[in-house]
$ cat upload-v7.cif   # mmCIF, C-alpha atoms
data_work
#
loop_
_atom_site.label_atom_id
_atom_site.label_comp_id
_atom_site.auth_asym_id
_atom_site.auth_seq_id
_atom_site.Cartn_x
_atom_site.Cartn_y
_atom_site.Cartn_z
CA MET P 1 121.68 -150.32 48.18
CA ILE P 2 119.34 -148.12 50.14
CA CYS P 3 116.07 -147.29 48.46
CA LEU P 4 115.70 -143.71 49.49
CA SER P 5 112.41 -143.17 47.75
CA LEU P 6 110.73 -145.51 50.22
CA HIS P 7 112.16 -143.99 53.32
CA PRO P 8 109.65 -142.07 55.44
CA CYS P 9 112.11 -139.39 56.43
CA LEU P 10 112.37 -137.88 53.00
CA TRP P 11 110.35 -134.82 52.58
CA ALA P 12 110.96 -131.79 50.51
CA PRO P 13 113.65 -129.46 51.74
CA ALA P 14 112.87 -125.77 51.73
CA ALA P 15 112.63 -124.61 48.15
CA TYR P 16 115.80 -123.81 46.33
CA ALA P 17 115.98 -120.62 48.29
CA MET P 18 119.04 -118.62 47.51
CA PRO P 19 120.82 -116.57 50.14
CA PRO P 20 119.92 -112.88 49.93
CA GLU P 21 123.29 -111.88 48.50
CA ALA P 22 122.80 -114.01 45.40
CA GLU P 23 121.51 -111.28 43.14
CA LYS P 24 124.11 -111.45 40.41
CA PRO P 25 123.40 -114.17 37.84
CA TRP P 26 125.49 -117.22 38.60
CA TYR P 27 127.03 -117.40 35.15
CA LEU P 28 128.75 -114.05 35.67
CA PHE P 29 131.07 -115.92 38.04
CA VAL P 30 132.24 -118.00 35.09
CA HIS P 31 135.17 -116.21 33.48
CA ALA P 32 134.01 -114.25 30.44
CA LYS P 33 136.30 -116.23 28.17
CA TYR P 34 134.54 -119.48 29.09
CA ARG P 35 131.05 -118.20 29.88
CA LEU P 36 129.37 -118.81 26.55
CA ASN P 37 130.94 -122.25 26.31
CA MET P 38 129.73 -123.15 29.77
CA LEU P 39 126.20 -122.10 28.85
CA LEU P 40 126.38 -124.01 25.57
CA ALA P 41 127.66 -127.10 27.37
CA LEU P 42 124.75 -126.92 29.82
CA GLU P 43 122.33 -126.42 26.95
CA GLU P 44 123.76 -129.48 25.23
CA LEU P 45 123.46 -131.46 28.45
CA SER P 46 119.84 -130.34 28.73
CA ARG P 47 119.23 -131.80 25.27
CA LEU P 48 121.07 -135.01 26.10
CA ARG P 49 119.08 -135.40 29.31
CA LEU P 50 115.96 -135.87 27.22
CA LEU P 51 117.65 -138.87 25.62
CA GLN P 52 119.10 -140.27 28.82
CA ASP P 53 117.99 -139.11 32.23
CA THR P 54 120.43 -140.99 34.45
CA PHE P 55 122.74 -138.28 35.70
CA VAL P 56 122.70 -135.42 38.17
CA LEU P 57 124.90 -132.35 37.95
CA VAL P 58 126.79 -132.15 41.23
CA GLY P 59 129.91 -130.46 42.62
CA GLY P 60 130.90 -126.82 42.86
CA LEU P 61 129.05 -125.82 39.72
CA SER P 62 125.76 -127.06 41.20
CA LEU P 63 126.35 -124.77 44.18
CA LEU P 64 127.19 -121.88 41.88
CA MET P 65 124.04 -122.41 39.82
CA ARG P 66 121.98 -122.51 43.01
CA GLY P 67 123.44 -119.17 44.07
CA ARG P 68 125.47 -120.60 46.94
CA LEU P 69 128.96 -119.78 45.69
CA GLN P 70 130.09 -116.42 44.44
CA HIS P 71 133.68 -116.56 43.39
CA ARG P 72 135.41 -116.74 40.07
CA VAL P 73 137.42 -119.85 39.36
CA LEU P 74 137.68 -122.18 36.38
CA TRP P 75 134.48 -124.13 36.85
CA ASP P 76 134.15 -127.65 35.58
CA ILE P 77 131.08 -129.81 35.14
CA ASP P 78 130.70 -132.90 37.32
CA LEU P 79 128.10 -135.38 36.23
CA LEU P 80 127.13 -138.10 38.65
CA PHE P 81 125.74 -141.16 36.87
CA LYS P 82 123.66 -144.04 38.07
CA ASP P 83 126.27 -146.62 37.12
CA LYS P 84 129.12 -147.38 34.75
CA PHE P 85 126.75 -148.62 32.07
CA SER P 86 124.96 -145.25 32.13
CA ILE P 87 128.26 -143.50 31.51
CA TYR P 88 129.00 -145.73 28.51
CA LYS P 89 125.52 -145.10 27.17
CA PHE P 90 125.87 -141.36 27.66
CA MET P 91 129.23 -141.33 25.91
CA ALA P 92 127.69 -143.02 22.91
CA LEU P 93 124.88 -140.49 22.53
CA PRO P 94 125.22 -138.32 19.42
CA LYS P 95 126.46 -134.89 20.46
CA SER P 96 126.07 -131.50 18.81
CA PRO P 97 128.14 -131.21 15.61
CA VAL P 98 129.76 -128.02 16.92
CA LEU P 99 130.93 -129.72 20.10
CA ASP P 100 134.27 -131.53 20.38
CA VAL P 101 134.51 -134.09 23.15
CA VAL P 102 138.00 -135.35 23.94
CA SER P 103 138.55 -138.25 26.34
CA MET P 104 141.34 -137.29 28.69
CA GLU P 105 141.97 -140.84 29.83
CA GLU P 106 142.59 -144.14 28.13
CA GLU P 107 140.22 -146.01 30.39
CA PHE P 108 137.90 -145.65 33.37
CA CYS P 109 139.38 -145.26 36.81
CA ASP P 110 137.54 -147.87 38.79
CA SER P 111 138.40 -147.58 42.48
CA GLU P 112 136.69 -148.82 45.63
CA THR P 113 134.78 -145.59 46.14
CA ILE P 114 134.27 -144.14 42.68
CA ILE P 115 134.24 -144.79 38.96
CA SER P 116 135.42 -141.81 36.99
CA PHE P 117 136.25 -140.70 33.50
CA HIS P 118 137.51 -137.25 32.55
CA THR P 119 136.68 -135.47 29.31
CA ALA P 120 137.09 -132.00 27.86
CA TRP P 121 134.25 -130.36 25.96
CA GLY P 122 135.22 -127.69 23.49
CA PHE P 123 133.36 -125.19 21.38
CA ASN P 124 135.71 -123.24 19.13
CA ALA P 125 138.83 -124.55 20.86
CA ARG P 126 137.88 -123.32 24.32
CA TRP P 127 137.67 -126.19 26.70
CA ILE P 128 135.74 -127.04 29.82
CA ASN P 129 136.40 -130.12 31.92
CA VAL P 130 133.40 -132.40 32.02
CA ASP P 131 133.91 -135.26 34.42
CA TYR P 132 131.73 -138.36 34.56
CA PHE P 133 131.44 -140.19 37.87
CA SER P 134 129.50 -142.99 39.36
CA ARG P 135 129.04 -143.54 43.07
CA ALA P 136 125.98 -145.73 43.13
CA LYS P 137 124.42 -144.78 46.45
CA TRP P 138 125.08 -141.11 45.96
CA TYR P 139 123.27 -141.00 42.65
CA PHE P 140 120.06 -142.08 44.35
CA PHE P 141 120.83 -139.80 47.26
CA HIS P 142 120.68 -136.77 44.94
CA LYS P 143 118.15 -138.06 42.44
CA THR P 144 115.35 -138.54 44.96
CA THR P 145 115.52 -134.86 45.90
CA VAL P 146 115.77 -133.71 42.30
CA ASP P 147 112.81 -135.88 41.31
CA ARG P 148 110.75 -134.34 44.05
CA GLU P 149 111.87 -130.74 43.60
CA GLY P 150 112.14 -130.68 39.83
CA ASN P 151 114.96 -129.75 37.52
CA PHE P 152 116.92 -126.54 37.54
CA GLU P 153 115.39 -124.41 34.81
CA GLU P 154 116.62 -121.15 33.41
CA LYS P 155 116.47 -119.23 30.17
CA VAL P 156 119.60 -117.17 29.67
CA SER P 157 120.01 -114.46 27.05
CA TYR P 158 123.69 -114.11 26.38
CA GLU P 159 125.60 -112.65 23.45
CA GLY P 160 122.52 -112.63 21.27
CA ARG P 161 121.64 -116.23 22.04
CA GLU P 162 118.72 -117.65 23.96
CA ILE P 163 119.98 -120.58 25.95
CA HIS P 164 117.54 -122.87 27.71
CA ILE P 165 118.88 -124.95 30.56
CA GLU P 166 116.84 -127.67 32.17
CA LEU P 167 118.90 -130.06 34.19
CA PRO P 168 118.82 -132.20 37.30
CA VAL P 169 121.08 -130.18 39.59
CA ALA P 170 121.90 -131.35 43.10
CA HIS P 171 120.32 -129.57 46.05
CA PRO P 172 122.81 -127.55 48.15
CA TRP P 173 121.76 -129.28 51.35
CA ASP P 174 122.43 -132.67 49.80
CA MET P 175 125.76 -131.36 48.54
CA PHE P 176 126.61 -130.36 52.10
CA ILE P 177 126.20 -133.95 53.28
CA GLU P 178 128.05 -135.38 50.30
CA LYS P 179 130.96 -132.98 50.70
CA VAL P 180 131.26 -133.58 54.43
CA LEU P 181 131.42 -137.32 53.87
CA SER P 182 133.62 -137.35 50.78
CA PRO P 183 136.80 -139.47 50.91
CA ARG P 184 138.64 -136.56 49.31
CA LEU P 185 137.73 -134.29 52.21
CA GLU P 186 139.03 -136.90 54.63
CA ALA P 187 142.41 -136.77 52.88
CA ASP P 188 142.35 -132.96 52.95
CA LEU P 189 141.72 -133.01 56.69
CA LEU P 190 144.60 -135.41 57.27
CA SER P 191 147.02 -133.14 55.43
CA SER P 192 145.45 -129.85 56.64
CA ASN P 193 145.04 -128.86 53.03
CA ASP P 194 143.87 -125.26 53.11
CA LEU P 195 143.44 -125.23 49.33
CA SER P 196 140.72 -127.86 49.58
CA TYR P 197 137.61 -126.76 47.77
CA ASP P 198 135.50 -129.35 49.56
CA VAL P 199 136.41 -127.80 52.90
CA ARG P 200 135.76 -124.35 51.49
CA HIS P 201 132.32 -125.33 50.18
CA VAL P 202 131.38 -126.97 53.49
CA PHE P 203 132.23 -123.83 55.44
CA ILE P 204 130.46 -121.55 52.97
CA LEU P 205 127.27 -123.62 53.22
CA PHE P 206 127.67 -123.86 56.98
CA GLU P 207 127.89 -120.07 57.28
CA GLN P 208 124.79 -119.65 55.11
CA GLU P 209 122.69 -122.20 56.98
CA LYS P 210 124.00 -122.58 60.51
CA GLU P 211 121.13 -120.65 62.05
CA ASN P 212 118.45 -122.28 59.94
CA PRO P 213 116.66 -124.99 61.96
CA LYS P 214 115.05 -126.38 58.80
CA PHE P 215 118.51 -127.01 57.39
CA TRP P 216 119.66 -129.02 60.39
CA LYS P 217 116.39 -130.93 60.53
CA TYR P 218 116.76 -131.87 56.89
CA ILE P 219 120.41 -132.81 57.26
CA ARG P 220 119.63 -135.11 60.15
CA LYS P 221 116.68 -136.82 58.49
CA LYS P 222 118.42 -137.23 55.16
CA ALA P 223 121.54 -138.65 56.79
CA GLU P 224 119.39 -141.04 58.81
CA GLY P 225 117.68 -142.15 55.64
CA PHE P 226 121.04 -142.71 54.09
CA SER P 227 122.32 -144.59 57.15
CA CYS P 228 125.22 -142.22 57.62
CA LEU P 229 124.21 -140.06 60.57
CA PRO P 230 126.93 -141.23 63.01
CA GLU P 231 129.58 -140.84 60.31
CA LEU P 232 128.29 -137.39 59.41
CA LYS P 233 128.31 -136.27 63.02
CA GLU P 234 131.83 -137.54 63.57
CA ARG P 235 133.12 -135.89 60.40
CA LEU P 236 131.41 -132.57 61.19
CA PHE P 237 133.08 -132.42 64.60
CA LEU P 238 136.40 -133.29 63.00
CA ILE P 239 136.00 -130.44 60.49
CA PHE P 240 134.94 -128.01 63.21
CA ASP P 241 137.84 -129.03 65.45
CA GLN P 242 140.33 -128.51 62.65
CA ARG P 243 138.92 -125.29 61.33
CA LYS P 244 141.77 -123.17 62.61
CA ARG P 245 144.42 -125.37 61.00
CA LEU P 246 142.45 -125.27 57.77
CA GLY P 247 142.30 -121.48 57.77
CA TYR P 248 138.72 -121.11 58.93
CA GLY P 249 139.36 -120.09 62.54
CA HIS P 250 137.20 -117.02 62.01
CA ILE P 251 134.05 -119.13 61.61
CA GLN P 252 131.95 -118.84 64.73
CA MET P 253 130.60 -122.04 66.25
CA ALA P 254 127.51 -121.35 68.31
CA ASP P 255 127.08 -123.69 71.27
CA SER P 256 123.50 -124.21 70.17
CA VAL P 257 124.65 -125.69 66.85
CA LEU P 258 127.21 -127.94 68.51
CA SER P 259 124.62 -129.12 71.03
CA LEU P 260 122.14 -129.78 68.26
CA ILE P 261 124.62 -131.99 66.40
CA GLU P 262 125.72 -133.62 69.63
CA GLY P 263 122.11 -134.56 70.25
CA TRP P 264 121.84 -136.52 66.99
CA ASP P 265 122.35 -139.72 68.97
CA HIS P 266 119.04 -139.35 70.67
CA MET T 267 156.24 -117.82 25.97
CA GLY T 268 155.62 -119.70 22.76
CA LYS T 269 152.25 -120.67 21.43
CA ARG T 270 151.70 -123.61 23.69
CA TYR T 271 153.37 -124.70 26.92
CA GLU T 272 152.66 -128.01 28.60
CA VAL T 273 153.28 -128.63 32.29
CA ARG T 274 152.91 -131.95 34.05
CA LEU T 275 152.87 -132.05 37.85
CA SER T 276 153.49 -135.53 39.18
CA GLY T 277 153.95 -137.23 42.50
CA GLU T 278 151.68 -139.18 44.76
CA GLY T 279 148.17 -138.70 46.11
CA GLY T 280 147.97 -136.28 49.03
CA GLN T 281 150.64 -133.90 47.72
CA GLY T 282 148.04 -131.47 46.41
CA LEU T 283 149.15 -131.66 42.80
CA ILE T 284 145.67 -131.62 41.31
CA LEU T 285 144.89 -128.40 43.17
CA ALA T 286 148.27 -126.98 42.18
CA GLY T 287 147.36 -127.63 38.55
CA VAL T 288 144.02 -125.92 39.03
CA VAL T 289 145.65 -122.83 40.55
CA LEU T 290 148.25 -122.68 37.76
CA ALA T 291 145.52 -122.87 35.11
CA GLU T 292 143.53 -120.15 36.88
CA ALA T 293 146.58 -117.91 37.09
CA ALA T 294 147.03 -118.25 33.34
CA ALA T 295 143.41 -118.06 32.22
CA ILE T 296 141.83 -115.67 34.69
CA TYR T 297 144.66 -113.38 35.73
CA ASP T 298 147.09 -113.46 32.79
CA ASP T 299 144.42 -113.57 30.07
CA LYS T 300 145.91 -116.61 28.37
CA ASN T 301 144.11 -119.77 27.43
CA ALA T 302 144.49 -122.76 29.70
CA ILE T 303 143.11 -126.16 30.45
CA GLN T 304 143.93 -128.30 33.41
CA THR T 305 143.36 -132.00 33.42
CA GLN T 306 143.87 -134.69 35.93
CA SER T 307 144.29 -138.32 35.39
CA TYR T 308 143.52 -141.12 37.70
CA GLY T 309 144.22 -143.66 34.98
CA PRO T 310 145.65 -147.09 35.64
CA GLU T 311 148.75 -145.64 37.26
CA ALA T 312 146.64 -143.98 39.96
CA ARG T 313 145.99 -147.34 41.52
CA GLY T 314 149.56 -147.42 42.73
CA GLY T 315 149.12 -144.07 44.45
CA ALA T 316 150.66 -142.08 41.61
CA CYS T 317 149.05 -138.81 40.69
CA LYS T 318 149.47 -136.38 37.85
CA SER T 319 147.93 -133.15 36.76
CA GLU T 320 148.58 -131.46 33.45
CA VAL T 321 148.15 -127.86 32.46
CA ILE T 322 148.30 -126.57 28.93
CA ILE T 323 148.82 -122.83 28.64
CA SER T 324 148.78 -120.91 25.42
CA ASP T 325 148.67 -117.35 24.15
CA GLU T 326 146.38 -118.65 21.42
CA GLU T 327 143.41 -120.98 21.31
CA ILE T 328 144.22 -124.53 22.41
CA ASP T 329 143.34 -126.75 19.50
CA TYR T 330 143.84 -130.02 21.39
CA PRO T 331 143.38 -130.25 25.17
CA LYS T 332 145.66 -133.21 25.89
CA ALA T 333 149.36 -132.94 26.57
CA THR T 334 151.41 -134.23 23.68
CA GLU T 335 154.88 -132.77 24.26
CA ILE T 336 155.67 -131.94 27.86
CA ASP T 337 157.74 -128.76 28.23
CA LEU T 338 158.14 -128.94 31.98
CA LEU T 339 157.80 -131.91 34.28
CA LEU T 340 157.66 -131.68 38.04
CA ALA T 341 158.36 -134.96 39.83
CA LEU T 342 157.99 -135.10 43.59
CA THR T 343 158.62 -138.83 43.84
CA GLN T 344 161.10 -141.21 42.26
CA GLU T 345 158.23 -143.26 40.86
CA ALA T 346 156.78 -140.22 39.11
CA CYS T 347 160.19 -139.30 37.68
CA ASP T 348 160.77 -142.83 36.39
CA ARG T 349 157.32 -143.01 34.90
CA TYR T 350 157.09 -139.64 33.19
CA ALA T 351 160.58 -138.31 32.44
CA GLY T 352 160.62 -140.23 29.17
CA GLU T 353 157.71 -138.13 27.94
CA LEU T 354 159.51 -134.85 28.49
CA LYS T 355 160.39 -133.26 25.22
CA LYS T 356 163.96 -132.68 24.06
CA GLY T 357 165.18 -129.40 25.53
CA GLY T 358 162.45 -129.44 28.16
CA THR T 359 162.78 -128.80 31.88
CA LEU T 360 162.71 -131.42 34.61
CA VAL T 361 162.18 -130.19 38.15
CA VAL T 362 162.61 -132.82 40.86
CA ASP T 363 162.55 -132.80 44.61
CA SER T 364 166.17 -133.19 45.63
CA PHE T 365 165.39 -135.47 48.55
CA ALA T 366 162.69 -137.70 47.09
CA VAL T 367 164.24 -138.17 43.64
CA GLU T 368 167.75 -139.61 43.58
CA LYS T 369 168.03 -140.94 40.06
CA VAL T 370 167.33 -138.79 37.05
CA PRO T 371 167.55 -140.19 33.54
CA LYS T 372 170.28 -138.79 31.33
CA LYS T 373 168.54 -137.15 28.42
CA GLU T 374 168.61 -133.87 26.61
CA PHE T 375 166.74 -131.70 29.04
CA GLN T 376 167.56 -129.28 31.83
CA VAL T 377 167.36 -130.71 35.32
CA PHE T 378 166.74 -128.71 38.48
CA ARG T 379 167.02 -130.52 41.80
CA LEU T 380 165.25 -128.40 44.37
CA PRO T 381 164.61 -128.94 48.10
CA ILE T 382 160.87 -128.49 47.75
CA ILE T 383 159.53 -130.85 50.42
CA GLU T 384 162.31 -130.04 52.88
CA THR T 385 161.59 -126.31 52.55
CA ALA T 386 157.87 -126.91 53.09
CA ARG T 387 158.56 -128.91 56.22
CA ASP T 388 161.45 -126.98 57.78
CA GLN T 389 161.06 -123.41 56.55
CA ILE T 390 157.31 -123.01 56.18
CA GLY T 391 156.33 -125.63 58.73
CA LYS T 392 153.65 -127.41 56.72
CA VAL T 393 154.44 -130.24 54.30
CA ILE T 394 151.28 -129.80 52.23
CA VAL T 395 152.51 -126.43 50.91
CA ALA T 396 155.20 -128.25 48.94
CA ASN T 397 152.75 -127.93 46.05
CA ILE T 398 152.77 -124.14 46.35
CA ILE T 399 156.56 -123.99 46.64
CA ALA T 400 156.73 -126.16 43.52
CA LEU T 401 154.41 -123.75 41.70
CA GLY T 402 156.64 -120.83 42.67
CA ALA T 403 159.69 -122.69 41.41
CA ILE T 404 158.01 -123.67 38.13
CA ILE T 405 156.93 -120.10 37.44
CA GLY T 406 160.31 -118.73 38.42
CA LEU T 407 162.06 -121.14 36.07
CA SER T 408 159.68 -121.01 33.13
CA GLY T 409 157.91 -117.66 33.29
CA VAL T 410 154.86 -119.49 31.97
CA VAL T 411 152.62 -117.15 33.95
CA SER T 412 153.44 -113.93 35.78
CA LYS T 413 154.20 -113.94 39.49
CA GLU T 414 151.41 -111.43 40.05
CA ALA T 415 148.87 -113.67 38.33
CA MET T 416 150.00 -116.62 40.42
CA GLU T 417 149.66 -114.65 43.65
CA LYS T 418 146.18 -113.50 42.70
CA ALA T 419 145.07 -117.01 41.74
CA LEU T 420 146.42 -118.40 44.98
CA MET T 421 144.79 -115.71 47.09
CA ALA T 422 141.46 -116.40 45.40
CA ARG T 423 141.69 -120.03 46.50
CA VAL T 424 142.97 -119.93 50.07
CA PRO T 425 140.94 -119.06 53.16
CA LYS T 426 141.56 -115.81 54.96
CA GLY T 427 143.58 -117.37 57.73
CA THR T 428 146.28 -118.89 55.54
CA GLU T 429 147.15 -116.16 53.07
CA ASP T 430 150.48 -115.30 54.67
CA LEU T 431 151.61 -118.90 54.91
CA ASN T 432 150.77 -119.60 51.28
CA LEU T 433 152.42 -116.40 50.05
CA ARG T 434 155.56 -117.32 51.98
CA ALA T 435 155.53 -120.74 50.36
CA LEU T 436 155.14 -119.21 46.92
CA ALA T 437 157.94 -116.73 47.59
CA ALA T 438 160.17 -119.59 48.74
CA GLY T 439 159.54 -121.26 45.38
CA PHE T 440 160.37 -118.06 43.49
CA GLU T 441 163.62 -117.69 45.45
CA MET T 442 164.51 -121.32 44.89
CA ALA T 443 164.11 -120.85 41.16
CA ALA T 444 166.16 -117.66 41.18
CA ARG T 445 169.01 -119.40 43.03
CA ALA T 446 168.88 -122.39 40.70
CA LYS T 447 168.98 -120.19 37.63
CA GLY T 448 171.80 -118.16 39.15
CA ALA T 449 173.80 -121.30 39.86
CA GLU T 450 173.22 -122.50 36.34
CA ASN T 451 174.44 -119.23 34.84
CA ALA T 452 177.46 -118.93 37.16
#
$ encode --input "upload-v7.cif" --output "structure tokens"
Amino acid sequence: MICLSLHPCLWAPAAYAMPPEAEKPWYLFVHAKYRLNMLLALEELSRLRLLQDTFVLVGGLSLLMRGRLQHRVLWDIDLLFKDKFSIYKFMALPKSPVLDVVSMEEEFCDSETIISFHTAWGFNARWINVDYFSRAKWYFFHKTTVDREGNFEEKVSYEGREIHIELPVAHPWDMFIEKVLSPRLEADLLSSNDLSYDVRHVFILFEQEKENPKFWKYIRKKAEGFSCLPELKERLFLIFDQRKRLGYGHIQMADSVLSLIEGWDH
Amino acid sequence: MGKRYEVRLSGEGGQGLILAGVVLAEAAAIYDDKNAIQTQSYGPEARGGACKSEVIISDEEIDYPKATEIDLLLALTQEACDRYAGELKKGGTLVVDSFAVEKVPKKEFQVFRLPIIETARDQIGKVIVANIIALGAIIGLSGVVSKEAMEKALMARVPKGTEDLNLRALAAGFEMAARAKGAENA
């Protein structure tokens, strides 16, 4: 396992700057029917984090909370744990009496690339998918940034309640790398799956950051520190090459960006 | 639709069934104002390449989020049909791909054999949209969500460049269901 915290390349990315269009609170992109439950689930997770701080909130919801996505879908919560033992420990923690947690699977799915377990969290019979994962290297990949940058913190007043969220939420730039390299995205590329949300998220982040030199500098250094720069470069070119087949032919690829990535060998 | 309707989409990895389940749940919950939960399972069976996604849709609150009595089962592979048809409830609906699934168990449920994968490949020109054709067929047969809601949910998920292709796939599924229902009533 790579010890990222010791690697010299890791410095703080630009603050959790949101793109200028992100003025509407993120939780308004959660359907009204599930909004309060989502906030309550995040509040409960914030409480549980104080008992066990070995997970990072990743996935699409992390990008939504960071103001990077602005569309309304049924959001779920993806929790990336340090290891399988951490998931067991988390599952055993006493939860809020008003929360129902239902295990959606009989046992863990333990594959070569990921350990996962799916649950549904319900308040008043409205359910949100909360998925527990472990991908050992990726936990540390995200955690080092979160430890340096601090937790996501927000106080939300909603429907007469004051909800305090304080959670380790993945940085969007780290999510970009993780999404580009995900095995799921590889399968989506092979089948030209235009419904792929990983592909969608990659292109949304790319559009937001493509002209930001700090972004590319960070991506390169972080990928080097994670020993995945050649793989990242190869996958990025594959995604760019296939963008038309994937429905993203309208995305402009500046030669300067392509040259910059091409130059990652040197 | 009754209080609670359970759909299981099954096949193999790479057929886009998890995403199909997500879109179906969004059509119900966001655009048809019903309650819905979508779940995916990569349980022990996933190791063999099998894949299933379940969607529970209800006009009322969903008291338990796991499927207990499947109303409609989609099977895009023989393995999925063999594995899951036994869990389809009496009087339920089994939708199978007519090419991939040859043997269907004889039980008390309706069976629709539809050329889903063939239509995706030959008519639409992209095999991966078999999942969208299947969604169109399921909605056409069950009416579990409205066609309008399904179109909106799909359009909210696909990139700008592929709207037409996906709408054609969905329409092909609707037509397939209409023909199958017509043949059944003839």
$ closest_atom_pairs --input "upload-v7.cif" --of "chain P" --to "chain T" --cutoff "6 Å" --atoms "only C-alpha atoms" --output "tab-separated table"
residue	atom	partner	partner_atom	distance
P:Cys109	CA	T:Gly309	CA	5.4
P:Ala125	CA	T:Asp329	CA	5.2
P:Leu195	CA	T:Val424	CA	5.4
P:Gly247	CA	T:Gly427	CA	4.3
$ resolve_selection --input "upload-v7.cif" --expression "the PyMOL selection byres ((chain T and resi 383) around 10)" --output "PyMOL selection string"
chain T and resi 281+342+363-366+380-382+384-390+392-397+399-400
$ atom_distance --input "upload-v7.cif" --atom1 "CA of His164 in chain P" --atom2 "CA of Glu44 in chain P"
9.4 Å
$ closest_residue --input "upload-v7.cif" --among "P:Tyr132, P:Glu106, P:Val73, P:Gln252" --to "Leu290 in chain T" --atoms "all atoms listed in the file"
P:Val73
$ residues_around --input "upload-v7.cif" --residues "Phe133 in chain P" --least-positions-apart "6" --cutoff "8 Å" --atoms "only C-alpha atoms" --output "list in words"
Asp78, Leu79, Leu80, Phe81, Ile87, Ile114, Ile115, Ser116 and Phe117 of chain P
$ closest_residue --input "upload-v7.cif" --among "P:Lys155, P:His31, P:His250, P:Lys137" --to "Gly225 in chain P" --atoms "all atoms listed in the file"
P:Lys137
$ resolve_selection --input "upload-v7.cif" --expression "the PyMOL selection byres ((chain P and resi 93) around 12)" --output "PDB file with C-alpha atoms, in the coordinates of the input"
ATOM      1  CA  GLU P  44     123.760-129.480  25.230  1.00  0.00           C
ATOM      2  CA  LEU P  45     123.460-131.460  28.450  1.00  0.00           C
ATOM      3  CA  ARG P  47     119.230-131.800  25.270  1.00  0.00           C
ATOM      4  CA  LEU P  48     121.070-135.010  26.100  1.00  0.00           C
ATOM      5  CA  ARG P  49     119.080-135.400  29.310  1.00  0.00           C
ATOM      6  CA  LEU P  50     115.960-135.870  27.220  1.00  0.00           C
ATOM      7  CA  LEU P  51     117.650-138.870  25.620  1.00  0.00           C
ATOM      8  CA  GLN P  52     119.100-140.270  28.820  1.00  0.00           C
ATOM      9  CA  ASP P  53     117.990-139.110  32.230  1.00  0.00           C
ATOM     10  CA  SER P  86     124.960-145.250  32.130  1.00  0.00           C
ATOM     11  CA  ILE P  87     128.260-143.500  31.510  1.00  0.00           C
ATOM     12  CA  TYR P  88     129.000-145.730  28.510  1.00  0.00           C
ATOM     13  CA  LYS P  89     125.520-145.100  27.170  1.00  0.00           C
ATOM     14  CA  PHE P  90     125.870-141.360  27.660  1.00  0.00           C
ATOM     15  CA  MET P  91     129.230-141.330  25.910  1.00  0.00           C
ATOM     16  CA  ALA P  92     127.690-143.020  22.910  1.00  0.00           C
ATOM     17  CA  PRO P  94     125.220-138.320  19.420  1.00  0.00           C
ATOM     18  CA  LYS P  95     126.460-134.890  20.460  1.00  0.00           C
ATOM     19  CA  SER P  96     126.070-131.500  18.810  1.00  0.00           C
ATOM     20  CA  VAL P 101     134.510-134.090  23.150  1.00  0.00           C
TER      21      VAL P 101
END
$ residues_around --input "upload-v7.cif" --residues "Leu69 in chain P" --least-positions-apart "5" --cutoff "8 Å" --atoms "all atoms listed in the file" --output "PyMOL selection string"
chain P and resi 60+63-64+201+204
$ atom_distance --input "upload-v7.cif" --atom1 "CA of Ile322 in chain T" --atom2 "CA of Gly406 in chain T"
17.2 Å
$ resolve_selection --input "upload-v7.cif" --expression "the PyMOL selection byres ((chain P and resi 169) around 6)" --output "list in words"
Val56, Leu57, Ser62, Phe152, Leu167, Pro168 and Ala170 of chain P
